[in-house]
>>> print(open('my_file_21.tsv').read())   # TSV, C-alpha atoms
chain	number	residue	atom	x	y	z
U	1	MET	CA	0.00	0.00	0.00
U	2	ARG	CA	2.86	2.36	0.85
U	3	LYS	CA	4.50	1.68	-2.54
U	4	LEU	CA	1.25	2.53	-4.33
U	5	ALA	CA	0.93	5.83	-2.46
U	6	ILE	CA	4.48	6.80	-3.35
U	7	LEU	CA	3.86	5.96	-7.00
U	8	LEU	CA	0.71	8.09	-7.13
U	9	ILE	CA	2.44	11.07	-5.57
U	10	SER	CA	5.44	10.88	-7.90
U	11	THR	CA	3.32	10.61	-11.04
U	12	CYS	CA	1.27	13.63	-10.03
U	13	LEU	CA	4.25	15.89	-9.45
U	14	PRO	CA	4.77	16.91	-13.10
U	15	PHE	CA	1.11	17.96	-13.41
U	16	PHE	CA	1.17	20.10	-10.28
U	17	SER	CA	4.53	21.57	-11.29
U	18	SER	CA	3.15	22.46	-14.72
U	19	ALA	CA	0.00	23.98	-13.19
U	20	ASN	CA	2.06	26.13	-10.83
U	21	GLU	CA	4.30	27.26	-13.66
U	22	THR	CA	1.30	28.32	-15.74
U	23	ALA	CA	-0.34	30.07	-12.80
U	24	SER	CA	2.83	32.09	-12.21
U	25	ALA	CA	3.00	33.06	-15.90
U	26	VAL	CA	-0.65	34.11	-16.11
U	27	ALA	CA	-0.42	36.02	-12.83
U	28	TRP	CA	2.57	37.96	-14.16
U	29	MET	CA	0.78	38.85	-17.39
U	30	GLN	CA	-2.43	39.84	-15.61
U	31	THR	CA	-1.00	41.83	-12.72
U	32	SER	CA	2.54	43.04	-13.28
U	33	ALA	CA	3.50	46.60	-14.08
U	34	GLU	CA	6.37	45.10	-16.06
U	35	TYR	CA	4.08	43.38	-18.58
U	36	GLN	CA	2.16	46.64	-19.05
U	37	ALA	CA	5.42	48.52	-19.57
U	38	ILE	CA	6.73	45.99	-22.10
U	39	ALA	CA	3.48	46.20	-24.08
U	40	SER	CA	3.74	49.99	-24.06
U	41	GLN	CA	7.33	50.09	-25.26
U	42	THR	CA	6.70	47.38	-27.87
U	43	PHE	CA	3.79	49.12	-29.57
U	44	LYS	CA	5.33	52.58	-29.17
U	45	THR	CA	8.58	51.45	-30.81
U	46	ALA	CA	6.67	49.63	-33.54
U	47	ALA	CA	4.69	52.79	-34.31
U	48	GLU	CA	7.92	54.81	-34.56
U	49	GLN	CA	9.47	52.23	-36.90
U	50	LEU	CA	6.34	52.17	-39.05
U	51	GLN	CA	6.75	55.88	-39.67
U	52	LYS	CA	10.17	55.09	-41.20
U	53	ALA	CA	9.02	51.99	-43.05
U	54	VAL	CA	6.38	53.61	-45.25
U	55	PHE	CA	8.97	55.94	-46.81
U	56	ASP	CA	11.56	53.22	-47.50
U	57	ASP	CA	10.83	51.53	-50.85
U	58	GLU	CA	12.94	48.47	-49.95
U	59	TRP	CA	11.47	47.85	-46.50
U	60	VAL	CA	9.86	44.42	-46.03
U	61	ALA	CA	9.23	42.32	-42.94
U	62	ALA	CA	8.16	38.95	-44.35
U	63	ILE	CA	10.85	36.40	-45.20
U	64	GLU	CA	8.48	35.28	-47.96
U	65	GLN	CA	8.97	38.67	-49.64
U	66	PHE	CA	12.76	38.77	-49.55
U	67	GLY	CA	13.91	39.39	-53.14
U	68	GLN	CA	10.36	39.89	-54.44
U	69	LYS	CA	10.34	42.33	-57.36
U	70	GLY	CA	7.97	45.28	-57.59
U	71	ILE	CA	7.42	45.19	-53.88
U	72	ASN	CA	6.97	48.96	-53.58
U	73	GLN	CA	4.03	48.83	-56.01
U	74	LEU	CA	1.93	46.88	-53.52
U	75	PRO	CA	-0.24	48.54	-50.83
U	76	ASN	CA	1.40	48.71	-47.42
U	77	ALA	CA	0.27	46.47	-44.57
U	78	ILE	CA	1.27	45.17	-41.17
U	79	ILE	CA	0.40	41.75	-39.77
U	80	LEU	CA	-0.93	41.42	-36.23
U	81	ASP	CA	-1.44	38.14	-34.44
U	82	LEU	CA	-4.86	37.93	-32.81
U	83	ASP	CA	-4.69	36.15	-29.44
U	84	ASP	CA	-2.50	37.91	-26.87
U	85	THR	CA	-1.26	40.43	-29.41
U	86	LEU	CA	-4.47	42.23	-30.39
U	87	ILE	CA	-6.83	40.78	-27.80
U	88	SER	CA	-6.11	39.11	-24.46
U	89	THR	CA	-6.99	35.49	-23.63
U	90	LEU	CA	-5.74	35.80	-20.06
U	91	ALA	CA	-9.21	35.58	-18.50
U	92	TYR	CA	-9.64	32.21	-20.24
U	93	ARG	CA	-6.21	31.06	-19.03
U	94	GLY	CA	-7.05	32.24	-15.53
U	95	GLU	CA	-10.33	30.32	-15.57
U	96	LEU	CA	-8.49	27.13	-16.54
U	97	ILE	CA	-6.20	27.52	-13.54
U	98	GLN	CA	-9.05	28.23	-11.11
U	99	ASP	CA	-11.02	25.22	-12.39
U	100	ASN	CA	-7.94	22.97	-12.50
U	101	ASP	CA	-8.55	22.36	-16.22
U	102	GLN	CA	-6.21	22.09	-19.17
U	103	HIS	CA	-6.66	23.91	-22.47
U	104	ASN	CA	-8.81	22.17	-25.08
U	105	GLU	CA	-10.92	23.30	-28.01
U	106	LYS	CA	-14.23	22.74	-26.23
U	107	LEU	CA	-13.32	24.98	-23.31
U	108	PHE	CA	-11.78	27.57	-25.62
U	109	LYS	CA	-14.97	27.70	-27.71
U	110	ARG	CA	-17.03	28.16	-24.56
U	111	TRP	CA	-14.90	31.18	-23.65
U	112	MET	CA	-14.99	32.56	-27.22
U	113	ASN	CA	-18.80	32.38	-27.16
U	114	LEU	CA	-18.80	35.01	-24.42
U	115	GLU	CA	-17.21	37.48	-26.90
U	116	LYS	CA	-15.71	39.52	-24.06
U	117	ALA	CA	-11.98	39.52	-24.75
U	118	PRO	CA	-10.35	42.90	-24.00
U	119	LEU	CA	-7.63	44.52	-26.09
U	120	VAL	CA	-4.00	43.92	-25.18
U	121	PRO	CA	-2.71	47.06	-23.42
U	122	HIS	CA	-1.42	49.81	-25.74
U	123	VAL	CA	-2.12	47.96	-29.01
U	124	LEU	CA	-4.18	50.94	-30.19
U	125	THR	CA	-0.96	52.99	-30.29
U	126	LEU	CA	0.14	50.98	-33.32
U	127	ILE	CA	-3.28	50.58	-34.92
U	128	GLU	CA	-3.90	54.32	-34.83
U	129	LYS	CA	-0.44	55.05	-36.28
U	130	ALA	CA	-1.08	52.58	-39.11
U	131	SER	CA	-4.41	54.25	-39.86
U	132	SER	CA	-2.81	57.69	-39.96
U	133	LEU	CA	-0.22	56.44	-42.46
U	134	GLY	CA	-2.71	54.63	-44.70
U	135	VAL	CA	-1.27	51.21	-43.74
U	136	THR	CA	-3.68	48.26	-43.71
U	137	VAL	CA	-3.78	46.13	-40.56
U	138	LEU	CA	-4.14	42.41	-41.28
U	139	LEU	CA	-4.89	39.70	-38.72
U	140	ILE	CA	-3.51	36.17	-38.67
U	141	SER	CA	-5.02	33.72	-36.19
U	142	ASP	CA	-4.59	30.04	-35.41
U	143	ARG	CA	-8.21	29.82	-34.36
U	144	ILE	CA	-9.48	26.99	-36.54
U	145	CYS	CA	-12.14	27.38	-39.24
U	146	GLN	CA	-14.73	24.61	-39.10
U	147	PRO	CA	-17.25	25.42	-41.86
U	148	ASN	CA	-20.95	24.80	-41.63
U	149	PRO	CA	-23.69	25.14	-44.32
U	150	ARG	CA	-24.27	28.81	-43.39
U	151	ASP	CA	-20.73	30.05	-42.84
U	152	PRO	CA	-17.34	28.96	-44.29
U	153	CYS	CA	-15.56	30.13	-41.13
U	154	PRO	CA	-17.85	30.65	-38.12
U	155	VAL	CA	-14.95	31.44	-35.80
U	156	LYS	CA	-14.02	34.39	-38.00
U	157	SER	CA	-17.57	35.76	-37.82
U	158	GLN	CA	-17.54	35.29	-34.06
U	159	THR	CA	-14.20	37.10	-33.79
U	160	LEU	CA	-15.54	40.01	-35.81
U	161	ARG	CA	-18.49	40.35	-33.43
U	162	MET	CA	-16.14	40.27	-30.46
U	163	LEU	CA	-13.89	42.95	-31.97
U	164	LYS	CA	-16.87	45.21	-32.59
U	165	ARG	CA	-17.56	45.11	-28.85
U	166	VAL	CA	-14.19	46.83	-28.33
U	167	SER	CA	-14.85	49.26	-31.21
U	168	ILE	CA	-12.51	47.67	-33.74
U	169	GLY	CA	-13.69	46.54	-37.15
U	170	PHE	CA	-11.90	44.46	-39.76
U	171	PRO	CA	-13.13	43.39	-43.19
U	172	LYS	CA	-13.30	39.60	-43.39
U	173	ASP	CA	-10.75	39.56	-46.18
U	174	HIS	CA	-8.24	41.21	-43.84
U	175	MET	CA	-8.34	38.20	-41.50
U	176	PHE	CA	-6.53	34.92	-42.20
U	177	PHE	CA	-7.55	31.96	-40.06
U	178	ARG	CA	-6.08	28.50	-39.78
U	179	GLY	CA	-7.88	25.98	-41.96
U	180	GLU	CA	-9.56	28.46	-44.35
U	181	TYR	CA	-7.58	26.72	-47.10
U	182	SER	CA	-6.11	23.23	-46.92
U	183	ASP	CA	-2.52	24.47	-46.64
U	184	TRP	CA	-3.26	27.12	-44.02
U	185	ASN	CA	-1.95	25.15	-41.07
U	186	LYS	CA	-0.14	25.84	-37.80
U	187	ASP	CA	2.96	26.97	-39.68
U	188	GLN	CA	1.92	30.41	-40.89
U	189	SER	CA	4.26	30.58	-43.92
U	190	SER	CA	1.51	29.74	-46.41
U	191	ARG	CA	-0.68	32.54	-45.11
U	192	ARG	CA	2.18	35.03	-45.21
U	193	SER	CA	2.92	33.92	-48.79
U	194	PHE	CA	-0.73	34.51	-49.70
U	195	ILE	CA	-0.59	38.01	-48.17
U	196	ALA	CA	2.79	38.72	-49.79
U	197	GLN	CA	1.23	38.52	-53.25
U	198	ARG	CA	-1.20	41.28	-52.33
U	199	TYR	CA	0.55	43.61	-49.85
U	200	ARG	CA	4.00	44.88	-48.96
U	201	ILE	CA	4.37	43.59	-45.41
U	202	LEU	CA	6.12	46.28	-43.40
U	203	MET	CA	5.90	44.75	-39.96
U	204	ILE	CA	4.86	41.60	-38.09
U	205	ILE	CA	3.77	41.76	-34.45
U	206	GLY	CA	2.99	38.67	-32.41
U	207	ASP	CA	3.73	36.63	-29.31
U	208	ASP	CA	5.36	33.58	-30.95
U	209	ALA	CA	8.36	33.33	-33.28
U	210	ASN	CA	6.25	31.05	-35.49
U	211	GLN	CA	4.51	34.22	-36.64
U	212	MET	CA	7.75	35.43	-38.24
U	213	ILE	CA	10.04	32.46	-38.93
U	214	PRO	CA	8.93	29.49	-41.09
U	215	LYS	CA	8.93	25.97	-39.60
U	216	ILE	CA	10.19	27.07	-36.19
U	217	SER	CA	7.18	25.87	-34.21
U	218	ALA	CA	8.25	22.21	-34.05
U	219	SER	CA	12.00	22.89	-33.81
U	220	PRO	CA	13.91	22.04	-30.62
U	221	PRO	CA	15.01	24.91	-28.37
U	222	ASN	CA	18.61	25.17	-29.63
U	223	THR	CA	17.44	25.36	-33.25
U	224	ARG	CA	14.86	27.98	-32.33
U	225	LYS	CA	17.53	30.12	-30.70
U	226	LYS	CA	19.81	29.79	-33.73
U	227	LEU	CA	17.00	30.85	-36.06
U	228	ALA	CA	16.16	33.83	-33.86
U	229	ALA	CA	19.83	34.86	-33.92
U	230	GLN	CA	20.00	34.40	-37.70
U	231	TYR	CA	17.40	37.13	-38.13
U	232	ASN	CA	18.68	39.33	-35.32
U	233	GLU	CA	18.49	42.52	-37.39
U	234	MET	CA	14.72	42.06	-37.79
U	235	TRP	CA	13.84	42.19	-34.09
U	236	GLY	CA	12.78	45.62	-32.91
U	237	THR	CA	12.67	47.06	-36.42
U	238	ARG	CA	10.39	44.87	-38.54
U	239	TRP	CA	9.46	42.13	-36.05
U	240	PHE	CA	8.05	42.74	-32.58
U	241	LEU	CA	7.26	40.10	-29.96
U	242	LEU	CA	5.15	40.49	-26.85
U	243	PRO	CA	6.14	38.20	-23.96
U	244	ASN	CA	3.95	35.15	-23.45
U	245	PRO	CA	5.26	32.73	-20.82
U	246	ALA	CA	1.82	31.08	-20.45
U	247	TYR	CA	1.68	29.07	-23.69
U	248	GLY	CA	3.05	28.91	-27.23
U	249	SER	CA	5.29	26.90	-29.51
U	250	TRP	CA	8.25	27.49	-27.16
U	251	ARG	CA	6.38	25.49	-24.52
U	252	ASP	CA	5.22	22.76	-26.91
U	253	VAL	CA	8.79	21.58	-27.56
U	254	LEU	CA	9.73	21.31	-23.88
U	255	PRO	CA	9.02	18.45	-21.44
U	256	ASN	CA	5.85	18.56	-19.34
U	257	ASN	CA	7.90	19.24	-16.24
U	258	LEU	CA	9.92	22.38	-16.96
U	259	ASN	CA	12.42	21.44	-14.23
U	260	ASN	CA	13.81	18.90	-16.70
U	261	ALA	CA	14.62	21.71	-19.17
U	262	ILE	CA	16.27	24.09	-16.69
U	263	GLN	CA	20.05	24.18	-16.30
U	264	GLY	CA	21.97	25.36	-13.30
U	265	TYR	CA	25.65	26.11	-12.86
>>> encode(input="my_file_21.tsv", output="structure tokens")
Amino acid sequence: MRKLAILLISTCLPFFSSANETASAVAWMQTSAEYQAIASQTFKTAAEQLQKAVFDDEWVAAIEQFGQKGINQLPNAIILDLDDTLISTLAYRGELIQDNDQHNEKLFKRWMNLEKAPLVPHVLTLIEKASSLGVTVLLISDRICQPNPRDPCPVKSQTLRMLKRVSIGFPKDHMFFRGEYSDWNKDQSSRRSFIAQRYRILMIIGDDANQMIPKISASPPNTRKKLAAQYNEMWGTRWFLLPNPAYGSWRDVLPNNLNNAIQGY
């Protein structure tokens, strides 16, 4: 009986460790002055860079547009990620922690149905600057389209309703959701390539390197760091990342128990 009790305790430790790690991350994003300050400096710096970008005929932010001819003949645009770049999912993440649940599509849909997600702090700084410069704001989201007879992408329609509640409107053709086409998958390269044929992409803002660098989402940590270093000149000029320690592709490639990924001296 004692051996069984020890086994049960040891197998539960990774779950509790993971839950505590997530709770700490969400608490930091929800409550810290530091997160607010980082969001402010990120969007403020991006707005300043955008002012430079529109007057530079060779300025591009998408790897998919490197070397593309006639780029300055296309209308200017920036790409914003949706969740935790434009709008915050932290209330949903907090609810998971309070209910001792793990993220899944059913629970996420239940939260989306409330249509109450607030804007990420200071994101309007960039959106308003883009509007003043005549730059189109495009949204990429990994929310998954699951068509029904009435709507080819109900989650997009739902997102539009939610955005209207916070006084932001986007045309449907300015939003690019996962699964709208067969090759629009978790790796966002195909969607950026689609956009790159129609707009000059001046800037990409997100909370995951997958939103900038092709095929990084499934790469191990050392490869991810090498890829980030390879494009070092892009960070803070054409690419901007908000911190997200709660979830993302960085977390997907690590063990369940983060203690196994941490190194000491």
>>> closest_atom_pairs(input="my_file_21.tsv", of="range 135-197 of chain U", to="range 97-110 of chain U", cutoff="10 Å", atoms="all atoms listed in the file", output="Markdown table")
| residue | atom | partner | partner_atom | distance |
| --- | --- | --- | --- | --- |
| U:Arg143 | CA | U:Glu105 | CA | 9.5 |
| U:Ile144 | CA | U:Glu105 | CA | 9.4 |
| U:Val155 | CA | U:Lys109 | CA | 8.9 |
>>> atom_distance(input="my_file_21.tsv", atom1="CA of Glu115 in chain U", atom2="CA of Ile127 in chain U")
20.7 Å
>>> atom_distance(input="my_file_21.tsv", atom1="CA of Asn259 in chain U", atom2="CA of Ala246 in chain U")
15.6 Å
>>> atom_distance(input="my_file_21.tsv", atom1="CA of Pro152 in chain U", atom2="CA of Met175 in chain U")
13.2 Å
>>> residues_near_point(input="my_file_21.tsv", point="(-4.7, 50.3, -38.4)", cutoff="12 Å", atoms="all atoms listed in the file", output="PyMOL selection string")
chain U and resi 47+50+76-80+86+123-139+168-171+174
